[in-house]
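Trainee: Just one file: upload_28.cif, with mmCIF, C-alpha atoms.
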data_work
loop_
_atom_site.label_atom_id
_atom_site.label_comp_id
_atom_site.auth_asym_id
_atom_site.auth_seq_id
_atom_site.Cartn_x
_atom_site.Cartn_y
_atom_site.Cartn_z
CA MET A 1 66.28 -167.04 153.61
CA GLN A 2 69.96 -167.65 154.30
CA LYS A 3 72.36 -165.51 156.29
CA ALA A 4 76.06 -165.30 156.94
CA ILE A 5 78.42 -162.95 158.75
CA VAL A 6 81.42 -161.76 156.73
CA THR A 7 84.30 -159.59 157.84
CA ILE A 8 85.76 -156.81 155.69
CA HIS A 9 89.46 -157.50 155.22
CA ASP A 10 90.16 -154.66 152.80
CA PRO A 11 92.03 -151.95 154.74
CA SER A 12 90.24 -149.32 152.64
CA GLY A 13 86.81 -150.65 153.51
CA LEU A 14 84.10 -150.95 150.85
CA HIS A 15 84.89 -147.96 148.68
CA ALA A 16 83.67 -147.52 145.10
CA ARG A 17 85.59 -150.28 143.35
CA PRO A 18 84.87 -153.19 145.74
CA SER A 19 81.27 -151.98 146.11
CA GLY A 20 80.97 -152.11 142.34
CA ARG A 21 82.35 -155.64 142.23
CA ILE A 22 79.91 -156.81 144.91
CA ALA A 23 76.95 -155.21 143.15
CA LYS A 24 77.95 -156.75 139.83
CA GLU A 25 78.18 -160.21 141.40
CA ALA A 26 74.96 -159.85 143.40
CA THR A 27 73.03 -158.76 140.32
CA ARG A 28 73.69 -162.19 138.74
CA PHE A 29 71.20 -163.74 141.17
CA LEU A 30 67.42 -163.65 141.34
CA CYS A 31 67.06 -163.52 145.11
CA GLU A 32 67.04 -160.36 147.22
CA ILE A 33 70.45 -159.67 148.71
CA THR A 34 71.09 -157.22 151.52
CA MET A 35 74.07 -156.29 153.67
CA ARG A 36 74.00 -154.81 157.16
CA ASP A 37 76.79 -153.71 159.46
CA THR A 38 76.16 -155.71 162.64
CA ASN A 39 77.37 -152.66 164.55
CA GLY A 40 73.99 -150.95 164.29
CA GLY A 41 73.77 -150.39 160.54
CA LYS A 42 70.62 -150.46 158.45
CA PRO A 43 70.27 -153.04 155.66
CA VAL A 44 71.35 -151.92 152.20
CA ASN A 45 70.65 -153.43 148.80
CA ALA A 46 73.78 -155.32 147.72
CA LYS A 47 72.80 -155.12 144.04
CA SER A 48 73.49 -151.38 143.94
CA THR A 49 76.97 -149.84 144.21
CA LEU A 50 75.46 -146.63 145.54
CA HIS A 51 73.43 -148.40 148.21
CA ILE A 52 76.50 -150.33 149.38
CA LEU A 53 78.42 -147.05 149.60
CA THR A 54 75.74 -145.58 151.88
CA GLY A 55 76.59 -148.39 154.31
CA LYS A 56 80.13 -146.97 154.77
CA PHE A 57 81.46 -150.46 155.55
CA THR A 58 84.90 -150.05 157.11
CA TYR A 59 87.88 -152.32 157.51
CA GLY A 60 87.09 -154.92 160.15
CA ALA A 61 83.33 -154.42 159.96
CA ARG A 62 81.29 -157.56 160.52
CA VAL A 63 78.58 -157.59 157.92
CA GLU A 64 75.41 -159.63 157.94
CA LEU A 65 74.71 -160.86 154.43
CA ILE A 66 71.13 -161.97 153.77
CA CYS A 67 69.90 -163.75 150.66
CA ASP A 68 66.21 -164.42 150.20
CA GLY A 69 64.73 -166.16 147.21
CA LYS A 70 65.09 -168.87 144.60
CA ASP A 71 68.88 -169.10 144.32
CA GLU A 72 69.71 -167.89 147.82
CA ALA A 73 72.21 -170.62 148.68
CA GLU A 74 74.27 -170.09 145.55
CA ALA A 75 74.08 -166.32 145.98
CA LEU A 76 75.20 -166.44 149.61
CA ASP A 77 78.21 -168.57 148.69
CA ALA A 78 79.26 -166.41 145.78
CA VAL A 79 78.84 -163.01 147.42
CA ARG A 80 80.37 -164.14 150.71
CA SER A 81 83.44 -165.50 148.91
CA LEU A 82 83.82 -162.29 146.97
CA ILE A 83 83.64 -160.09 150.07
CA GLU A 84 86.00 -162.30 152.07
CA GLY A 85 88.46 -162.29 149.19
CA LEU A 86 88.64 -158.50 148.95
CA THR A 87 92.03 -157.07 149.75
CA GLU A 88 93.63 -153.72 148.84
CA MET B 1 86.95 -131.51 158.58
CA ARG B 2 86.26 -128.52 156.36
CA GLN B 3 82.83 -128.05 154.81
CA ILE B 4 82.52 -130.82 152.25
CA ILE B 5 81.92 -128.54 149.26
CA GLU B 6 82.37 -124.82 148.64
CA GLU B 7 80.64 -122.77 145.92
CA SER B 8 84.04 -122.21 144.36
CA ALA B 9 84.27 -125.98 143.79
CA VAL B 10 81.12 -126.00 141.65
CA MET B 11 81.12 -125.50 137.90
CA LEU B 12 78.03 -125.75 135.73
CA ASP B 13 77.64 -126.26 131.98
CA PHE B 14 81.28 -126.96 131.18
CA LYS B 15 81.96 -128.05 127.64
CA ALA B 16 84.18 -131.16 127.67
CA GLU B 17 85.36 -132.83 124.47
CA ASP B 18 85.71 -136.25 126.13
CA TRP B 19 85.82 -138.04 129.49
CA LYS B 20 89.49 -137.22 130.10
CA GLU B 21 88.85 -133.53 129.69
CA ALA B 22 85.87 -133.81 132.04
CA ILE B 23 87.94 -135.51 134.75
CA THR B 24 90.77 -133.02 134.21
CA GLN B 25 88.41 -130.11 134.77
CA ALA B 26 87.00 -131.75 137.92
CA GLY B 27 90.60 -132.14 139.07
CA GLU B 28 91.36 -128.48 138.35
CA LEU B 29 88.47 -127.48 140.62
CA MET B 30 89.99 -129.55 143.43
CA VAL B 31 93.49 -128.16 142.81
CA ALA B 32 92.08 -124.64 143.03
CA GLU B 33 90.42 -125.58 146.33
CA GLY B 34 93.78 -126.73 147.66
CA ILE B 35 92.59 -130.26 148.40
CA VAL B 36 94.76 -132.04 145.83
CA GLU B 37 98.11 -131.70 144.10
CA ARG B 38 98.16 -131.54 140.33
CA ARG B 39 99.35 -135.18 140.08
CA TYR B 40 96.03 -136.31 141.58
CA ILE B 41 94.42 -135.46 138.22
CA ASP B 42 96.65 -137.92 136.37
CA ALA B 43 95.93 -140.53 139.04
CA MET B 44 92.17 -140.14 138.58
CA ILE B 45 92.52 -140.68 134.83
CA SER B 46 94.86 -143.66 135.33
CA LEU B 47 92.33 -145.28 137.63
CA VAL B 48 89.70 -145.24 134.92
CA GLU B 49 92.17 -146.45 132.29
CA GLY B 50 93.42 -149.23 134.56
CA TYR B 51 90.29 -150.41 136.28
CA GLY B 52 87.50 -149.36 133.96
CA ALA B 53 84.66 -146.99 134.54
CA TYR B 54 83.67 -148.24 137.99
CA ILE B 55 83.48 -144.59 139.05
CA ILE B 56 80.10 -144.44 137.28
CA VAL B 57 77.71 -144.93 140.16
CA ALA B 58 74.32 -143.86 138.81
CA PRO B 59 72.74 -142.96 135.46
CA GLY B 60 74.56 -139.84 134.28
CA VAL B 61 76.79 -139.59 137.37
CA ALA B 62 80.46 -140.42 137.89
CA MET B 63 82.65 -139.95 140.96
CA PRO B 64 86.26 -139.60 139.83
CA HIS B 65 88.82 -140.02 142.60
CA ALA B 66 92.22 -141.47 143.43
CA ARG B 67 93.93 -142.57 146.64
CA ALA B 68 95.18 -140.30 149.40
CA GLU B 69 98.78 -141.15 148.51
CA ASP B 70 98.18 -139.99 144.92
CA GLY B 71 98.32 -136.38 146.04
CA ALA B 72 95.31 -135.63 148.23
CA LYS B 73 96.04 -132.73 150.59
CA GLY B 74 92.69 -132.64 152.32
CA THR B 75 89.15 -133.96 152.15
CA GLY B 76 86.41 -132.54 150.00
CA ILE B 77 84.43 -132.80 146.80
CA CYS B 78 83.87 -130.79 143.67
CA PHE B 79 80.83 -130.73 141.41
CA LEU B 80 81.13 -130.45 137.65
CA ARG B 81 78.10 -130.50 135.39
CA LEU B 82 78.68 -130.80 131.66
CA LYS B 83 76.85 -128.95 128.91
CA GLU B 84 76.86 -132.16 126.84
CA PRO B 85 77.34 -135.66 128.26
CA VAL B 86 80.54 -137.61 127.68
CA VAL B 87 80.98 -141.33 127.29
CA PHE B 88 83.42 -143.34 129.38
CA PRO B 89 85.32 -146.37 128.02
CA GLN B 90 82.96 -149.32 127.41
CA GLN B 91 80.04 -147.38 128.90
CA ASP B 92 78.29 -146.26 125.73
CA ASN B 93 74.87 -146.82 127.28
CA ASN B 94 75.49 -144.44 130.18
CA PRO B 95 76.61 -140.98 129.07
CA ILE B 96 77.79 -138.87 132.00
CA ARG B 97 76.76 -135.29 132.69
CA ILE B 98 77.62 -134.95 136.38
CA LEU B 99 81.04 -135.54 137.90
CA VAL B 100 81.48 -135.40 141.66
CA GLY B 101 85.22 -135.46 142.26
CA VAL B 102 86.34 -136.83 145.62
CA ALA B 103 89.57 -136.34 147.53
CA ALA B 104 90.27 -137.58 151.04
CA ALA B 105 93.25 -137.30 153.34
CA ASN B 106 92.86 -140.82 154.69
CA LYS B 107 90.89 -144.03 154.22
CA ALA B 108 88.31 -143.24 156.91
CA GLU B 109 87.46 -139.86 155.41
CA HIS B 110 87.43 -141.40 151.93
CA LEU B 111 84.73 -143.86 152.97
CA GLU B 112 82.83 -141.22 154.94
CA THR B 113 82.85 -138.80 151.99
CA PHE B 114 81.79 -141.42 149.45
CA GLY B 115 79.04 -142.50 151.84
CA MET B 116 77.78 -138.95 152.28
CA VAL B 117 77.62 -138.30 148.54
CA ALA B 118 76.05 -141.71 147.93
CA GLU B 119 73.33 -140.92 150.47
CA LYS B 120 72.36 -137.91 148.37
CA ILE B 121 72.54 -139.32 144.86
CA VAL B 122 70.96 -142.65 145.72
CA ASP B 123 67.73 -140.65 145.43
CA PRO B 124 66.86 -140.15 141.73
CA GLU B 125 65.00 -136.95 142.69
CA CYS B 126 68.27 -135.55 144.00
CA ILE B 127 69.99 -136.29 140.70
CA LYS B 128 67.13 -134.57 138.87
CA LYS B 129 67.60 -131.48 141.08
CA LEU B 130 71.36 -131.51 140.49
CA MET B 131 70.78 -131.65 136.72
CA LEU B 132 68.59 -128.55 136.99
CA CYS B 133 70.44 -126.38 139.55
CA ALA B 134 70.94 -122.90 138.15
CA THR B 135 73.58 -121.74 140.64
CA ALA B 136 76.52 -123.06 142.65
CA ALA B 137 74.69 -122.05 145.82
CA GLU B 138 71.84 -124.43 145.02
CA VAL B 139 74.29 -127.31 144.50
CA VAL B 140 76.07 -126.60 147.79
CA ARG B 141 72.73 -126.48 149.63
CA ILE B 142 71.83 -129.94 148.32
CA PHE B 143 75.09 -131.45 149.60
CA GLN B 144 75.13 -129.55 152.89
CA ASN B 145 71.66 -130.59 154.04
#
Please lay out the structure from this file as structure tokens.
Mentor:
Amino acid sequence: MQKAIVTIHDPSGLHARPSGRIAKEATRFLCEITMRDTNGGKPVNAKSTLHILTGKFTYGARVELICDGKDEAEALDAVRSLIEGLTE
Amino acid sequence: MRQIIEESAVMLDFKAEDWKEAITQAGELMVAEGIVERRYIDAMISLVEGYGAYIIVAPGVAMPHARAEDGAKGTGICFLRLKEPVVFPQQDNNPIRILVGVAAANKAEHLETFGMVAEKIVDPECIKKLMLCATAAEVVRIFQN
């Protein structure tokens, strides 16, 4: 299992389009991938746009990204980079 | 914040020729509710044309929307169920029968509203119920609870 904390830089937070991009990227990997707002949020499945939307991740949120499985290191790198690169 | 959806913002069994007509009708519901200006409808269509059909969030369900600055006057949703499904660009394998249009006055309410709707439709049983609702009142009850 590998974890990382990423910050949401997109002023609009994770609305439909960025959530869709994250889910699309996460689905490329075999491992389980979850995201959790460190400010008391519950973990959500990062491979589903809808599940990410239920997390209501806002601008500035610090998100714990957890990858667990065969390609977890590669997945963590890829998804973390994507989230950190999100802007408006 | 006003109640997220009113019965007047629900339309069932609308016959749309294509995805643009479906989004336009969803937009008309929101214009009638006073939560968007007419130009918001064009913005919703442009978003799909420009960025692709990312508004499709579940099998059979799309959430058309635009940004607050595209003419949102308030925050709320509409619910449009189609008599026959329509196909969005490059999404032939996911015909859409339910459109939940979203408008929000600011970014925080946009995220909150999307999150609220997502919490409902993430449950496939909820989508099944929405496909079968016979009245606007039933639809409103599902979103209000």
Trainee: Quick check on the file I pasted: which residues fall under the PyMOL selection byres ((chain B) within 7 of (chain A))? Write them as a PyMOL selection string.
Mentor: chain B and resi 54-55+57+107+111-112+114-116+118-119+122
Trainee: Skip region 22-32 of chain A itself and residues of its chain fewer than 3 positions away, then list as an NGL selection string all residues within 8 Å of it, counting all atoms listed in the file.
Mentor: :A and (18-19 or 45-49 or 52 or 66-72 or 75 or 78-79 or 82-83)
Trainee: To test your reading of the syntax: which residues would the PyMOL selection byres ((chain B and resi 8) around 10) return for the file shown? Reply as a PyMOL selection string.
Mentor: chain B and resi 5-7+9-11+29-30+32-33+78-79+136-137+140
Trainee: When you count all atoms listed in the file, which of these residues is closest to Ala26 (chain B): B:Cys126, B:Leu80, B:Met131, B:Ile96?
Mentor: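 Residue with the minimum atom-to-atom distance to Ala26 (chain B): B:Leu80.
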Trainee: Using all atoms listed in the file, determine which residues lie at most 6 Å from region 15-25 of chain B, disregarding the query and same-chain residues fewer than 2 positions distant; provide the list as number ranges by chain.
Mentor: B: 27-28, 41, 82-83, 86, 88
Trainee: Those selected residues, please, written with C-alpha atoms and delivered as a PDB file, in the frame of the given file.
Mentor:
ATOM      1  CA  GLY B  27      90.600-132.140 139.070  1.00  0.00           C
ATOM      2  CA  GLU B  28      91.360-128.480 138.350  1.00  0.00           C
ATOM      3  CA  ILE B  41      94.420-135.460 138.220  1.00  0.00           C
ATOM      4  CA  LEU B  82      78.680-130.800 131.660  1.00  0.00           C
ATOM      5  CA  LYS B  83      76.850-128.950 128.910  1.00  0.00           C
ATOM      6  CA  VAL B  86      80.540-137.610 127.680  1.00  0.00           C
ATOM      7  CA  PHE B  88      83.420-143.340 129.380  1.00  0.00           C
TER       8      PHE B  88
END
Trainee: For region 60-63 of chain B, list every protein, DNA or RNA residue within 8 Å, evaluated using all atoms listed in the file, and leave out those in the same chain fewer than 5 positions away; present the list as number ranges by chain.
Mentor: B: 55, 85, 94-102
Trainee: CA of Lys42 (chain A) and CA of Ala105 (chain B) are how many Å apart?
Mentor: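 Between CA of Lys42 (chain A) and CA of Ala105 (chain B) the gap is 26.7 Å.
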Trainee: Quick one: residues within 9 Å of (78.5, -156.7, 165.9) (file frame), counting all atoms listed in the file, please, as a ChimeraX atom specification.
Mentor: /A:37-40,61-63
Trainee: Could you please take those selected residues and save C-alpha atoms as an mmCIF file, in the frame of the given file?
Mentor:
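Printed below is result17.cif as written:
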data_model
loop_
_atom_site.group_PDB
_atom_site.id
_atom_site.type_symbol
_atom_site.label_atom_id
_atom_site.label_comp_id
_atom_site.auth_asym_id
_atom_site.auth_seq_id
_atom_site.Cartn_x
_atom_site.Cartn_y
_atom_site.Cartn_z
ATOM 1 C CA ASP A 37 76.790 -153.710 159.460
ATOM 2 C CA THR A 38 76.160 -155.710 162.640
ATOM 3 C CA ASN A 39 77.370 -152.660 164.550
ATOM 4 C CA GLY A 40 73.990 -150.950 164.290
ATOM 5 C CA ALA A 61 83.330 -154.420 159.960
ATOM 6 C CA ARG A 62 81.290 -157.560 160.520
ATOM 7 C CA VAL A 63 78.580 -157.590 157.920
#
Trainee: If you measure from CA of Ser46 (chain B) to CA of Glu69 (chain B), what distance in Å do you get, rounded to one decimal?
Mentor: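 Going from CA of Ser46 (chain B) over to CA of Glu69 (chain B) covers 14.0 Å.
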Trainee: Spell out the residues picked by the PyMOL selection byres ((chain B and resi 103) around 10) here, as a PyMOL selection string.
Mentor: chain B and resi 27+30+35-36+40+64-68+70-78+101-102+104-106+109-110+113-114
